[in-house]
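Source file: my_file.cif; contents: mmCIF, C-alpha atoms and all ligand atoms.
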data_structure
#
loop_
_atom_site.group_PDB
_atom_site.id
_atom_site.type_symbol
_atom_site.label_atom_id
_atom_site.label_comp_id
_atom_site.auth_asym_id
_atom_site.auth_seq_id
_atom_site.Cartn_x
_atom_site.Cartn_y
_atom_site.Cartn_z
ATOM 1 C CA MET A 204 -7.883 26.432 51.300
ATOM 2 C CA ARG A 205 -5.300 28.725 49.802
ATOM 3 C CA THR A 206 -3.274 25.755 48.573
ATOM 4 C CA ARG A 207 -6.398 24.300 46.986
ATOM 5 C CA ARG A 208 -7.112 27.482 44.996
ATOM 6 C CA TRP A 209 -3.531 27.629 43.868
ATOM 7 C CA TYR A 210 -3.785 24.037 42.731
ATOM 8 C CA GLN A 211 -7.024 24.816 40.846
ATOM 9 C CA CYS A 212 -5.280 27.715 39.078
ATOM 10 C CA ILE A 213 -2.483 25.429 37.955
ATOM 11 C CA VAL A 214 -5.031 22.959 36.619
ATOM 12 C CA LEU A 215 -6.837 25.697 34.687
ATOM 13 C CA MET A 216 -3.643 27.226 33.293
ATOM 14 C CA PHE A 217 -1.824 24.105 32.186
ATOM 15 C CA VAL A 218 -3.736 20.869 32.417
ATOM 16 C CA VAL A 219 -7.005 21.979 30.785
ATOM 17 C CA PRO A 220 -5.411 23.468 27.644
ATOM 18 C CA VAL A 221 -3.218 20.390 27.237
ATOM 19 C CA ALA A 222 -6.182 18.070 27.718
ATOM 20 C CA LEU A 223 -8.183 20.057 25.169
ATOM 21 C CA SER A 224 -5.405 19.890 22.630
ATOM 22 C CA PHE A 225 -5.401 16.094 23.114
ATOM 23 C CA ALA A 226 -9.162 15.829 22.925
ATOM 24 C CA HIS A 227 -9.198 16.146 19.129
ATOM 25 C CA ALA A 228 -12.675 17.538 19.028
ATOM 26 C CA GLN A 229 -13.655 18.457 15.488
ATOM 27 C CA ASP A 230 -13.406 22.259 15.256
ATOM 28 C CA GLU A 231 -15.234 24.441 12.735
ATOM 29 C CA ASN A 232 -12.694 23.431 10.045
ATOM 30 C CA GLY A 233 -13.275 19.710 10.593
ATOM 31 C CA LEU A 234 -10.551 17.242 11.489
ATOM 32 C CA THR A 235 -6.972 17.892 10.438
ATOM 33 C CA ILE A 236 -5.654 14.659 8.966
ATOM 34 C CA GLY A 237 -1.958 13.933 8.534
ATOM 35 C CA PHE A 238 -1.362 11.655 5.547
ATOM 36 C CA LEU A 239 1.962 9.891 5.153
ATOM 37 C CA PRO A 240 2.146 8.350 1.678
ATOM 38 C CA VAL A 241 4.664 5.964 0.158
ATOM 39 C CA GLY A 242 5.581 8.535 -2.494
ATOM 40 C CA GLY A 243 5.908 8.294 -6.230
ATOM 41 C CA GLU A 244 6.793 4.592 -6.309
ATOM 42 C CA SER A 245 4.121 3.621 -8.819
ATOM 43 C CA GLU A 246 1.028 4.821 -10.668
ATOM 44 C CA TRP A 247 -1.109 2.950 -8.135
ATOM 45 C CA TYR A 248 0.054 5.246 -5.342
ATOM 46 C CA THR A 249 -0.860 8.314 -7.391
ATOM 47 C CA ALA A 250 -4.411 6.936 -7.549
ATOM 48 C CA LEU A 251 -4.434 6.275 -3.787
ATOM 49 C CA ASP A 252 -3.201 9.835 -3.037
ATOM 50 C CA GLU A 253 -5.958 11.229 -5.233
ATOM 51 C CA ASN A 254 -8.546 9.090 -3.473
ATOM 52 C CA VAL A 255 -7.429 10.454 -0.071
ATOM 53 C CA ARG A 256 -7.507 14.076 -1.292
ATOM 54 C CA GLU A 257 -11.020 13.674 -2.735
ATOM 55 C CA GLU A 258 -12.364 12.086 0.451
ATOM 56 C CA VAL A 259 -10.823 14.846 2.597
ATOM 57 C CA ILE A 260 -12.599 17.499 0.513
ATOM 58 C CA GLN A 261 -15.912 15.632 0.596
ATOM 59 C CA ARG A 262 -15.815 15.388 4.384
ATOM 60 C CA GLY A 263 -14.752 18.999 4.889
ATOM 61 C CA PHE A 264 -11.512 17.968 6.620
ATOM 62 C CA GLN A 265 -8.072 19.562 6.331
ATOM 63 C CA LEU A 266 -5.136 17.582 4.920
ATOM 64 C CA VAL A 267 -1.541 17.860 6.088
ATOM 65 C CA TYR A 268 0.454 15.960 3.518
ATOM 66 C CA GLY A 269 3.506 14.242 5.019
ATOM 67 C CA GLU A 270 6.950 14.655 3.470
ATOM 68 C CA ASN A 271 7.179 12.617 0.325
ATOM 69 C CA CYS A 272 10.289 10.648 1.097
ATOM 70 C CA ALA A 273 11.985 7.302 0.764
ATOM 71 C CA GLN A 274 12.194 4.437 3.196
ATOM 72 C CA ASP A 275 15.050 5.884 5.269
ATOM 73 C CA CYS A 276 13.184 9.100 6.112
ATOM 74 C CA HIS A 277 9.667 7.674 6.475
ATOM 75 C CA LEU A 278 9.897 7.502 10.283
ATOM 76 C CA TYR A 279 11.155 11.086 10.415
ATOM 77 C CA ALA A 280 8.259 12.226 8.200
ATOM 78 C CA PHE A 281 5.821 10.475 10.549
ATOM 79 C CA ARG A 282 7.357 12.282 13.558
ATOM 80 C CA LEU A 283 6.894 15.639 11.805
ATOM 81 C CA LEU A 284 3.165 14.908 11.559
ATOM 82 C CA VAL A 285 3.045 14.077 15.267
ATOM 83 C CA GLU A 286 4.826 17.364 16.029
ATOM 84 C CA LYS A 287 2.244 19.230 13.964
ATOM 85 C CA ARG A 288 -0.404 17.898 16.362
ATOM 86 C CA VAL A 289 -2.764 16.757 13.617
ATOM 87 C CA ASN A 290 -6.022 15.151 14.817
ATOM 88 C CA ALA A 291 -5.231 11.772 13.236
ATOM 89 C CA ILE A 292 -2.655 10.169 10.949
ATOM 90 C CA LEU A 293 -3.220 7.938 7.918
ATOM 91 C CA LEU A 294 -0.056 5.902 7.491
ATOM 92 C CA VAL A 295 0.912 4.049 4.313
ATOM 93 C CA PRO A 296 4.088 2.232 5.387
ATOM 94 C CA ILE A 297 6.860 1.266 2.991
ATOM 95 C CA VAL A 298 8.304 -1.599 5.047
ATOM 96 C CA ARG A 299 6.902 -3.733 7.866
ATOM 97 C CA THR A 300 9.349 -3.106 10.672
ATOM 98 C CA GLY A 301 10.630 -0.231 12.820
ATOM 99 C CA TRP A 302 7.347 1.563 13.568
ATOM 100 C CA ASP A 303 6.805 0.861 17.290
ATOM 101 C CA ASP A 304 8.557 3.940 18.703
ATOM 102 C CA VAL A 305 6.899 6.513 16.461
ATOM 103 C CA LEU A 306 3.479 4.889 16.890
ATOM 104 C CA GLN A 307 3.979 5.068 20.638
ATOM 105 C CA GLU A 308 4.866 8.772 20.291
ATOM 106 C CA ALA A 309 1.634 9.363 18.357
ATOM 107 C CA GLN A 310 -0.354 7.505 20.989
ATOM 108 C CA ASP A 311 1.296 9.491 23.786
ATOM 109 C CA ALA A 312 0.303 12.672 21.952
ATOM 110 C CA GLY A 313 -3.292 11.381 21.681
ATOM 111 C CA ILE A 314 -3.160 11.049 17.893
ATOM 112 C CA PRO A 315 -4.963 7.965 16.520
ATOM 113 C CA VAL A 316 -3.352 6.214 13.564
ATOM 114 C CA VAL A 317 -5.036 4.298 10.753
ATOM 115 C CA ILE A 318 -2.786 2.110 8.590
ATOM 116 C CA MET A 319 -3.620 1.771 4.902
ATOM 117 C CA ASP A 320 -2.489 -0.681 2.227
ATOM 118 C CA ARG A 321 0.683 -2.427 3.503
ATOM 119 C CA PHE A 322 0.893 -3.616 7.074
ATOM 120 C CA ILE A 323 3.491 -3.353 9.836
ATOM 121 C CA ASP A 324 4.737 -5.517 12.677
ATOM 122 C CA ALA A 325 3.544 -3.502 15.652
ATOM 123 C CA ASP A 326 1.374 -4.057 18.684
ATOM 124 C CA GLU A 327 -2.247 -3.634 17.632
ATOM 125 C CA SER A 328 -2.930 -1.339 20.599
ATOM 126 C CA LEU A 329 -0.816 1.280 18.774
ATOM 127 C CA TYR A 330 -3.228 1.811 15.882
ATOM 128 C CA VAL A 331 -6.975 2.084 15.355
ATOM 129 C CA THR A 332 -7.336 -0.190 12.341
ATOM 130 C CA HIS A 333 -5.630 -1.429 9.196
ATOM 131 C CA VAL A 334 -7.467 -0.964 5.902
ATOM 132 C CA ARG A 335 -5.730 -3.813 4.191
ATOM 133 C CA LEU A 336 -5.403 -5.449 0.833
ATOM 134 C CA ASP A 337 -5.130 -9.196 0.492
ATOM 135 C CA PHE A 338 -1.636 -9.576 -0.961
ATOM 136 C CA VAL A 339 -1.484 -13.365 -0.471
ATOM 137 C CA HIS A 340 -4.762 -13.744 -2.353
ATOM 138 C CA GLU A 341 -3.400 -11.523 -5.170
ATOM 139 C CA GLY A 342 -0.293 -13.723 -5.553
ATOM 140 C CA ARG A 343 -2.442 -16.874 -5.574
ATOM 141 C CA LEU A 344 -4.821 -15.443 -8.157
ATOM 142 C CA ALA A 345 -1.928 -14.479 -10.453
ATOM 143 C CA ALA A 346 -0.370 -17.957 -10.163
ATOM 144 C CA ALA A 347 -3.700 -19.768 -10.628
ATOM 145 C CA TRP A 348 -4.326 -17.792 -13.820
ATOM 146 C CA LEU A 349 -0.837 -18.645 -15.082
ATOM 147 C CA ALA A 350 -1.256 -22.344 -14.246
ATOM 148 C CA GLN A 351 -4.439 -22.520 -16.213
ATOM 149 C CA ALA A 352 -3.010 -20.496 -19.148
ATOM 150 C CA THR A 353 0.047 -22.748 -19.478
ATOM 151 C CA SER A 354 -1.450 -26.168 -18.696
ATOM 152 C CA ARG A 355 0.629 -26.099 -15.508
ATOM 153 C CA ARG A 356 4.029 -26.113 -17.235
ATOM 154 C CA CYS A 357 5.942 -22.857 -17.241
ATOM 155 C CA GLN A 358 9.433 -21.466 -16.587
ATOM 156 C CA ILE A 359 8.871 -18.184 -14.802
ATOM 157 C CA ILE A 360 10.857 -14.991 -14.255
ATOM 158 C CA GLU A 361 9.926 -13.163 -11.051
ATOM 159 C CA LEU A 362 10.286 -9.389 -10.689
ATOM 160 C CA ALA A 363 10.075 -8.754 -6.958
ATOM 161 C CA GLY A 364 8.934 -5.657 -5.073
ATOM 162 C CA THR A 365 10.724 -3.754 -2.315
ATOM 163 C CA GLU A 366 12.589 -5.951 0.166
ATOM 164 C CA GLY A 367 10.808 -6.174 3.508
ATOM 165 C CA SER A 368 7.541 -4.721 2.224
ATOM 166 C CA GLN A 369 4.400 -6.647 3.017
ATOM 167 C CA ALA A 370 3.206 -6.441 -0.596
ATOM 168 C CA ALA A 371 6.362 -8.159 -1.879
ATOM 169 C CA LEU A 372 6.583 -10.755 0.894
ATOM 170 C CA GLU A 373 2.971 -11.863 0.726
ATOM 171 C CA ARG A 374 2.503 -11.750 -3.049
ATOM 172 C CA GLN A 375 5.563 -13.943 -3.339
ATOM 173 C CA SER A 376 4.299 -16.408 -0.772
ATOM 174 C CA GLY A 377 0.786 -16.528 -2.285
ATOM 175 C CA PHE A 378 2.204 -17.165 -5.766
ATOM 176 C CA ASN A 379 4.590 -19.821 -4.460
ATOM 177 C CA ASP A 380 1.755 -21.574 -2.577
ATOM 178 C CA VAL A 381 0.157 -22.360 -5.943
ATOM 179 C CA LEU A 382 3.464 -23.310 -7.576
ATOM 180 C CA GLU A 383 3.961 -25.975 -4.936
ATOM 181 C CA LEU A 384 0.905 -27.751 -6.342
ATOM 182 C CA PHE A 385 2.352 -27.915 -9.855
ATOM 183 C CA PRO A 386 5.903 -29.297 -10.223
ATOM 184 C CA GLY A 387 5.979 -28.205 -13.884
ATOM 185 C CA MET A 388 5.840 -24.552 -12.882
ATOM 186 C CA VAL A 389 9.176 -23.180 -11.681
ATOM 187 C CA ILE A 390 10.783 -19.813 -11.075
ATOM 188 C CA ILE A 391 14.077 -19.867 -12.986
ATOM 189 C CA ALA A 392 15.241 -16.364 -12.021
ATOM 190 C CA SER A 393 14.185 -13.646 -9.615
ATOM 191 C CA GLN A 394 15.352 -10.011 -9.487
ATOM 192 C CA ARG A 395 14.193 -7.124 -7.336
ATOM 193 C CA GLY A 396 12.718 -4.134 -9.161
ATOM 194 C CA ASN A 397 11.438 -2.290 -6.054
ATOM 195 C CA PHE A 398 7.959 -1.757 -7.514
ATOM 196 C CA ALA A 399 9.227 0.896 -9.957
ATOM 197 C CA GLN A 400 9.050 0.858 -13.759
ATOM 198 C CA SER A 401 12.758 1.711 -13.986
ATOM 199 C CA GLY A 402 13.426 -1.096 -11.481
ATOM 200 C CA GLY A 403 11.490 -3.548 -13.659
ATOM 201 C CA ARG A 404 13.553 -2.479 -16.666
ATOM 202 C CA THR A 405 16.875 -2.983 -14.901
ATOM 203 C CA ALA A 406 15.773 -6.299 -13.398
ATOM 204 C CA MET A 407 14.718 -7.625 -16.822
ATOM 205 C CA GLU A 408 17.950 -6.429 -18.445
ATOM 206 C CA THR A 409 19.973 -8.188 -15.746
ATOM 207 C CA ILE A 410 18.032 -11.416 -16.205
ATOM 208 C CA LEU A 411 18.501 -11.412 -19.969
ATOM 209 C CA VAL A 412 22.285 -11.356 -19.491
ATOM 210 C CA THR A 413 22.198 -14.934 -18.212
ATOM 211 C CA ILE A 414 18.871 -16.381 -19.338
ATOM 212 C CA ASP A 415 18.007 -17.172 -22.929
ATOM 213 C CA PRO A 416 14.597 -15.593 -23.708
ATOM 214 C CA ALA A 417 13.563 -18.861 -25.389
ATOM 215 C CA GLU A 418 13.595 -20.486 -21.930
ATOM 216 C CA ILE A 419 11.129 -17.993 -20.490
ATOM 217 C CA CYS A 420 7.446 -18.888 -20.549
ATOM 218 C CA ALA A 421 6.210 -16.018 -18.343
ATOM 219 C CA VAL A 422 7.167 -12.896 -16.419
ATOM 220 C CA TRP A 423 5.465 -12.622 -13.038
ATOM 221 C CA ALA A 424 5.873 -9.092 -11.617
ATOM 222 C CA HIS A 425 4.791 -8.053 -8.104
ATOM 223 C CA ASN A 426 3.255 -4.942 -9.659
ATOM 224 C CA ASP A 427 2.257 -3.454 -13.009
ATOM 225 C CA ALA A 428 4.964 -0.787 -13.035
ATOM 226 C CA MET A 429 7.733 -3.412 -13.041
ATOM 227 C CA ALA A 430 5.874 -5.485 -15.644
ATOM 228 C CA LEU A 431 5.640 -2.424 -17.898
ATOM 229 C CA GLY A 432 9.388 -1.817 -17.493
ATOM 230 C CA ALA A 433 10.029 -5.450 -18.448
ATOM 231 C CA ILE A 434 7.772 -5.172 -21.509
ATOM 232 C CA GLU A 435 9.838 -2.202 -22.734
ATOM 233 C CA VAL A 436 13.033 -4.264 -22.481
ATOM 234 C CA LEU A 437 11.496 -7.312 -24.165
ATOM 235 C CA LYS A 438 10.353 -5.194 -27.090
ATOM 236 C CA GLU A 439 13.807 -3.617 -27.394
ATOM 237 C CA VAL A 440 15.390 -7.065 -27.772
ATOM 238 C CA ARG A 441 12.703 -7.997 -30.288
ATOM 239 C CA ILE A 442 10.770 -10.374 -28.105
ATOM 240 C CA ASP A 443 7.079 -9.910 -28.734
ATOM 241 C CA PRO A 444 5.315 -9.905 -25.363
ATOM 242 C CA SER A 445 2.018 -10.502 -27.110
ATOM 243 C CA LYS A 446 3.199 -13.854 -28.534
ATOM 244 C CA ASP A 447 6.450 -15.110 -27.050
ATOM 245 C CA ILE A 448 6.088 -14.562 -23.307
ATOM 246 C CA LEU A 449 3.123 -14.272 -20.920
ATOM 247 C CA ILE A 450 3.052 -11.286 -18.560
ATOM 248 C CA VAL A 451 1.089 -11.378 -15.302
ATOM 249 C CA SER A 452 1.187 -8.759 -12.560
ATOM 250 C CA ILE A 453 -0.837 -6.804 -9.999
ATOM 251 C CA ASP A 454 -2.543 -3.386 -9.697
ATOM 252 C CA ALA A 455 -4.655 -2.893 -12.866
ATOM 253 C CA THR A 456 -3.240 0.600 -13.440
ATOM 254 C CA PRO A 457 -4.439 2.520 -16.528
ATOM 255 C CA ASP A 458 -1.165 1.843 -18.381
ATOM 256 C CA MET A 459 -1.444 -1.880 -17.702
ATOM 257 C CA LEU A 460 -5.080 -1.939 -18.831
ATOM 258 C CA GLU A 461 -3.908 -0.343 -22.075
ATOM 259 C CA ALA A 462 -1.164 -2.974 -22.400
ATOM 260 C CA LEU A 463 -3.791 -5.706 -21.911
ATOM 261 C CA ALA A 464 -6.067 -4.139 -24.509
ATOM 262 C CA GLU A 465 -3.158 -3.975 -26.949
ATOM 263 C CA GLY A 466 -2.216 -7.590 -26.248
ATOM 264 C CA GLU A 467 1.181 -6.722 -24.758
ATOM 265 C CA ALA A 468 0.365 -8.179 -21.328
ATOM 266 C CA ASN A 469 -1.942 -10.993 -20.304
ATOM 267 C CA ALA A 470 -3.384 -10.579 -16.830
ATOM 268 C CA THR A 471 -3.315 -8.305 -13.813
ATOM 269 C CA VAL A 472 -4.980 -8.490 -10.410
ATOM 270 C CA GLU A 473 -6.979 -5.406 -9.544
ATOM 271 C CA LEU A 474 -5.653 -3.568 -6.488
ATOM 272 C CA ASN A 475 -8.408 -1.397 -5.093
ATOM 273 C CA TYR A 476 -7.134 2.097 -4.253
ATOM 274 C CA HIS A 477 -10.444 3.283 -2.804
ATOM 275 C CA LEU A 478 -9.126 2.973 0.712
ATOM 276 C CA ALA A 479 -9.878 6.488 1.995
ATOM 277 C CA ARG A 480 -13.597 6.039 2.617
ATOM 278 C CA PRO A 481 -13.255 2.988 4.922
ATOM 279 C CA ALA A 482 -10.270 4.656 6.628
ATOM 280 C CA PHE A 483 -12.172 7.884 7.373
ATOM 281 C CA ASP A 484 -15.325 5.965 8.366
ATOM 282 C CA ALA A 485 -13.202 4.061 10.884
ATOM 283 C CA LEU A 486 -11.715 7.302 12.233
ATOM 284 C CA GLU A 487 -15.105 8.935 12.617
ATOM 285 C CA ASP A 488 -16.397 5.838 14.441
ATOM 286 C CA TYR A 489 -13.325 5.964 16.663
ATOM 287 C CA PHE A 490 -13.898 9.628 17.542
ATOM 288 C CA ALA A 491 -17.563 8.819 18.218
ATOM 289 C CA GLY A 492 -16.396 6.237 20.752
ATOM 290 C CA GLU A 493 -17.565 3.245 18.705
ATOM 291 C CA LEU A 494 -15.720 -0.048 18.478
ATOM 292 C CA VAL A 495 -13.605 -0.325 15.300
ATOM 293 C CA PRO A 496 -12.426 -3.728 13.953
ATOM 294 C CA LYS A 497 -8.630 -4.082 13.801
ATOM 295 C CA GLN A 498 -8.747 -5.053 10.134
ATOM 296 C CA ILE A 499 -10.862 -3.934 7.203
ATOM 297 C CA LEU A 500 -10.169 -6.178 4.202
ATOM 298 C CA ILE A 501 -10.494 -5.033 0.584
ATOM 299 C CA GLN A 502 -10.052 -7.637 -2.203
ATOM 300 C CA GLY A 503 -9.577 -7.336 -5.967
ATOM 301 C CA ASN A 504 -10.412 -9.390 -9.067
ATOM 302 C CA LEU A 505 -8.449 -10.592 -12.044
ATOM 303 C CA VAL A 506 -8.459 -8.583 -15.296
ATOM 304 C CA THR A 507 -7.292 -10.336 -18.484
ATOM 305 C CA GLN A 508 -7.044 -9.593 -22.192
ATOM 306 C CA ASP A 509 -10.501 -11.160 -22.525
ATOM 307 C CA THR A 510 -12.187 -9.082 -19.829
ATOM 308 C CA VAL A 511 -10.389 -5.733 -20.123
ATOM 309 C CA ALA A 512 -12.836 -4.257 -22.637
ATOM 310 C CA GLY A 513 -15.710 -4.594 -20.163
ATOM 311 C CA TYR A 514 -13.678 -3.558 -17.136
ATOM 312 C CA THR A 515 -15.065 -0.430 -15.534
ATOM 313 C CA GLY A 516 -12.530 0.126 -12.754
ATOM 314 C CA VAL A 517 -12.497 -0.514 -9.009
ATOM 315 C CA ASP A 518 -15.721 -0.119 -6.986
HETATM 316 O O1 LIG B 1 1.480 -1.889 -1.544
HETATM 317 C C1 LIG B 1 0.911 -1.663 -2.784
HETATM 318 C C2 LIG B 1 1.850 -2.033 -3.880
HETATM 319 O O2 LIG B 1 2.989 -1.241 -3.818
HETATM 320 C C3 LIG B 1 1.282 -1.810 -5.267
HETATM 321 O O3 LIG B 1 1.039 -2.989 -5.915
HETATM 322 C C4 LIG B 1 2.408 -1.207 -5.980
HETATM 323 O O4 LIG B 1 2.119 -0.595 -7.188
HETATM 324 C C5 LIG B 1 3.054 -0.424 -4.961
HETATM 325 O O5 LIG B 1 4.250 0.081 -5.337
#
Starting from the coordinates I provided, produce the structure as structure tokens.
Ligand code: AHR
Amino acid sequence: MRTRRWYQCIVLMFVVPVALSFAHAQDENGLTIGFLPVGGESEWYTALDENVREEVIQRGFQLVYGENCAQDCHLYAFRLLVEKRVNAILLVPIVRTGWDDVLQEAQDAGIPVVIMDRFIDADESLYVTHVRLDFVHEGRLAAAWLAQATSRRCQIIELAGTEGSQAALERQSGFNDVLELFPGMVIIASQRGNFAQSGGRTAMETILVTIDPAEICAVWAHNDAMALGAIEVLKEVRIDPSKDILIVSIDATPDMLEALAEGEANATVELNYHLARPAFDALEDYFAGELVPKQILIQGNLVTQDTVAGYTGVD
């Protein structure tokens, strides 16, 4: 009897508080959400960050913003959020691989994780859902537009995104799927610009060292930021992007929409940054014990010089 009471005391002193801290019940301040962003890579991510902040305020939650850091410290920044014992983590990964251990640590601490935007190679039991964009579709849409704009004959320069990122891998494969249908469309040079405007500049400068601009029919950039960097370089070497070379990319950022309106670029595929609402809906369903699908897909449309005037932004 005595032993039993002693055992009950231990349970009350240690196990119950630990269990409560893992229970993640919404307290009077709402859920505390850890958000690990990609950082200032491109204008598109600024819009996504803003969307998360707005949704957090609307729902009366608290936001713990993860360290804004590069690829090599992203795992460390994730661990810091786990240590802070947030109620849930929204993860926007930079690259696909290397996440299993930290996701397991979050799961062991009872912290559910929702992945947004890019995806990762990890067991699906380690996350609640992935609010994903259709990168393959985006690459295909960009290539299909280019095929139709050039009567299926075009020598293309590719400005590629960050190595190992899902956005770069899948946009490339979607674009190349379409190219395989049209032998007259070929990529004559490819340089990595890591999704940054400065990266797009450097990549374009490097390409122009060996390739005569007269050979280039189009620049295909894995995102708008790199395309805008390339446009700067083209203008500096007196190539008129509105006449001499077609520019197609992805994101539909405000600066790219302006470039389309001014005739300096030709087409972009809209990348919806309104990912916070479906992510938080999924989390609330999860906490309510409802079944959440492992993928929530968000697709975007093409915006061109012809349609930009009537374009009202993502839904
Ligand atoms: O994963 C989203 C992509 O990465 C966006 O197209 C781009 O702007 C970002 O850097």
Worksheet item: Within 10 Å of ligand LIG 1 (chain B), counting only C-alpha atoms and all ligand atoms: which residues, as a PyMOL selection string?
Response: chain A and resi 241-251+295-298+319-322+335-336+338+341+364-365+368-371+374+397-400+424-429+452-456+472-476
Item to complete: Write out as a list in words which residues come within 9 Å of region 496-500 of chain A when counting all atoms listed in the file, dropping same-chain ones fewer than 4 positions away.
Response: Glu327, Tyr330, Val331, Thr332, His333, Val334, Arg335, Leu336, Asp337, Pro481, Ala482 and Ala485 of chain A
Item to complete: Pull out every residue that the PyMOL selection byres (((chain A and resi 305) around 12) and not hetatm) matches in the shown coordinates and put them as number ranges by chain.
Response: A: 277-286, 292, 294, 300-304, 306-312, 314-316, 325, 329-330
Fill in: One-decimal distance in Å that lies between CA of Gly313 (chain A) and CA of Asp326 (chain A)
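These atoms are spaced 16.4 Å apart.
Counting all atoms listed in the file and comparing A:Gly396, A:Gly503, A:Gly377, A:Gly263, the residue that lies closest to Val339 (chain A) is A:Gly377.
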Practice prompt. Between A:Ala464, A:Val511, A:Ala273, A:Ala470, single out the one closest to Ala430 (chain A), counting all atoms listed in the file.
Written response: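 Closest residue, counting all atoms listed in the file: A:Ala470.
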Worksheet, complete the sentence: Atom pair CA of Ile442 (chain A) + CA of Ala363 (chain A), distance 21.2 Å
Determine, counting only C-alpha atoms, every residue of protein, DNA or RNA that lies within 12 Å of (11.9, -17.3, -13.0) in the file coordinates, then give the result as a PDB file with C-alpha atoms, in the coordinates of the input.
ATOM      1  CA  CYS A 357       5.942 -22.857 -17.241  1.00  0.00           C
ATOM      2  CA  GLN A 358       9.433 -21.466 -16.587  1.00  0.00           C
ATOM      3  CA  ILE A 359       8.871 -18.184 -14.802  1.00  0.00           C
ATOM      4  CA  ILE A 360      10.857 -14.991 -14.255  1.00  0.00           C
ATOM      5  CA  GLU A 361       9.926 -13.163 -11.051  1.00  0.00           C
ATOM      6  CA  LEU A 362      10.286  -9.389 -10.689  1.00  0.00           C
ATOM      7  CA  ALA A 363      10.075  -8.754  -6.958  1.00  0.00           C
ATOM      8  CA  ASN A 379       4.590 -19.821  -4.460  1.00  0.00           C
ATOM      9  CA  LEU A 382       3.464 -23.310  -7.576  1.00  0.00           C
ATOM     10  CA  MET A 388       5.840 -24.552 -12.882  1.00  0.00           C
ATOM     11  CA  VAL A 389       9.176 -23.180 -11.681  1.00  0.00           C
ATOM     12  CA  ILE A 390      10.783 -19.813 -11.075  1.00  0.00           C
ATOM     13  CA  ILE A 391      14.077 -19.867 -12.986  1.00  0.00           C
ATOM     14  CA  ALA A 392      15.241 -16.364 -12.021  1.00  0.00           C
ATOM     15  CA  SER A 393      14.185 -13.646  -9.615  1.00  0.00           C
ATOM     16  CA  GLN A 394      15.352 -10.011  -9.487  1.00  0.00           C
ATOM     17  CA  ARG A 395      14.193  -7.124  -7.336  1.00  0.00           C
ATOM     18  CA  ALA A 406      15.773  -6.299 -13.398  1.00  0.00           C
ATOM     19  CA  MET A 407      14.718  -7.625 -16.822  1.00  0.00           C
ATOM     20  CA  ILE A 410      18.032 -11.416 -16.205  1.00  0.00           C
ATOM     21  CA  LEU A 411      18.501 -11.412 -19.969  1.00  0.00           C
ATOM     22  CA  THR A 413      22.198 -14.934 -18.212  1.00  0.00           C
ATOM     23  CA  ILE A 414      18.871 -16.381 -19.338  1.00  0.00           C
ATOM     24  CA  ASP A 415      18.007 -17.172 -22.929  1.00  0.00           C
ATOM     25  CA  PRO A 416      14.597 -15.593 -23.708  1.00  0.00           C
ATOM     26  CA  GLU A 418      13.595 -20.486 -21.930  1.00  0.00           C
ATOM     27  CA  ILE A 419      11.129 -17.993 -20.490  1.00  0.00           C
ATOM     28  CA  CYS A 420       7.446 -18.888 -20.549  1.00  0.00           C
ATOM     29  CA  ALA A 421       6.210 -16.018 -18.343  1.00  0.00           C
ATOM     30  CA  VAL A 422       7.167 -12.896 -16.419  1.00  0.00           C
ATOM     31  CA  TRP A 423       5.465 -12.622 -13.038  1.00  0.00           C
ATOM     32  CA  ALA A 424       5.873  -9.092 -11.617  1.00  0.00           C
TER      33      ALA A 424
END
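The gap separating CA of Glu366 (chain A) from CA of Phe378 (chain A) is 16.4 Å, in Å to one decimal.
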Fill in: Residues matched by the PyMOL selection byres (((chain A and resi 434) around 9) and not hetatm), written as a list in words
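Matching residues under the PyMOL selection byres (((chain A and resi 434) around 9) and not hetatm) are Gly403, Arg404, Met407, Met429, Ala430, Leu431, Gly432, Ala433, Glu435, Val436, Leu437, Lys438, Glu439, Ile442, Asp443, Pro444, Ile450, Glu467 and Ala468 of chain A.
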Practice prompt. Determine the residue membership of the PyMOL selection byres (((chain A and resi 387) around 6) and not hetatm) for the file above and supply it as an MDAnalysis selection string.
Written response: chainID A and resid 355:356 385:386 388
Discussion item. Here is a test: counting all atoms listed in the file, which residue of A:Val259, A:Val412, A:Leu372, A:Ala512 is nearest to Arg299 (chain A)?
Written reply: A:Leu372
Worksheet item: Restricting the calculation to only C-alpha atoms, which member of A:Glu373, A:Glu465, A:Asp275, A:Glu258 is positioned closest to Ile236 (chain A)?
Response: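 Result for the nearest residue to Ile236 (chain A): A:Glu258.
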Worksheet item: Which polymer residues have any atom within 7 Å of an atom of Tyr268 (chain A), counting all atoms listed in the file, with same-chain residues fewer than 3 positions away left out, as a PyMOL selection string?
Response: chain A and resi 237-239
Worksheet item: Which residue out of A:Thr405, A:Thr353, A:Gln502, A:Asn271 has the minimum interatomic distance to Asp252 (chain A) when all atoms listed in the file are used?
Response: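 Between A:Thr405, A:Thr353, A:Gln502, A:Asn271, the residue approaching Asp252 (chain A) most closely is A:Asn271.
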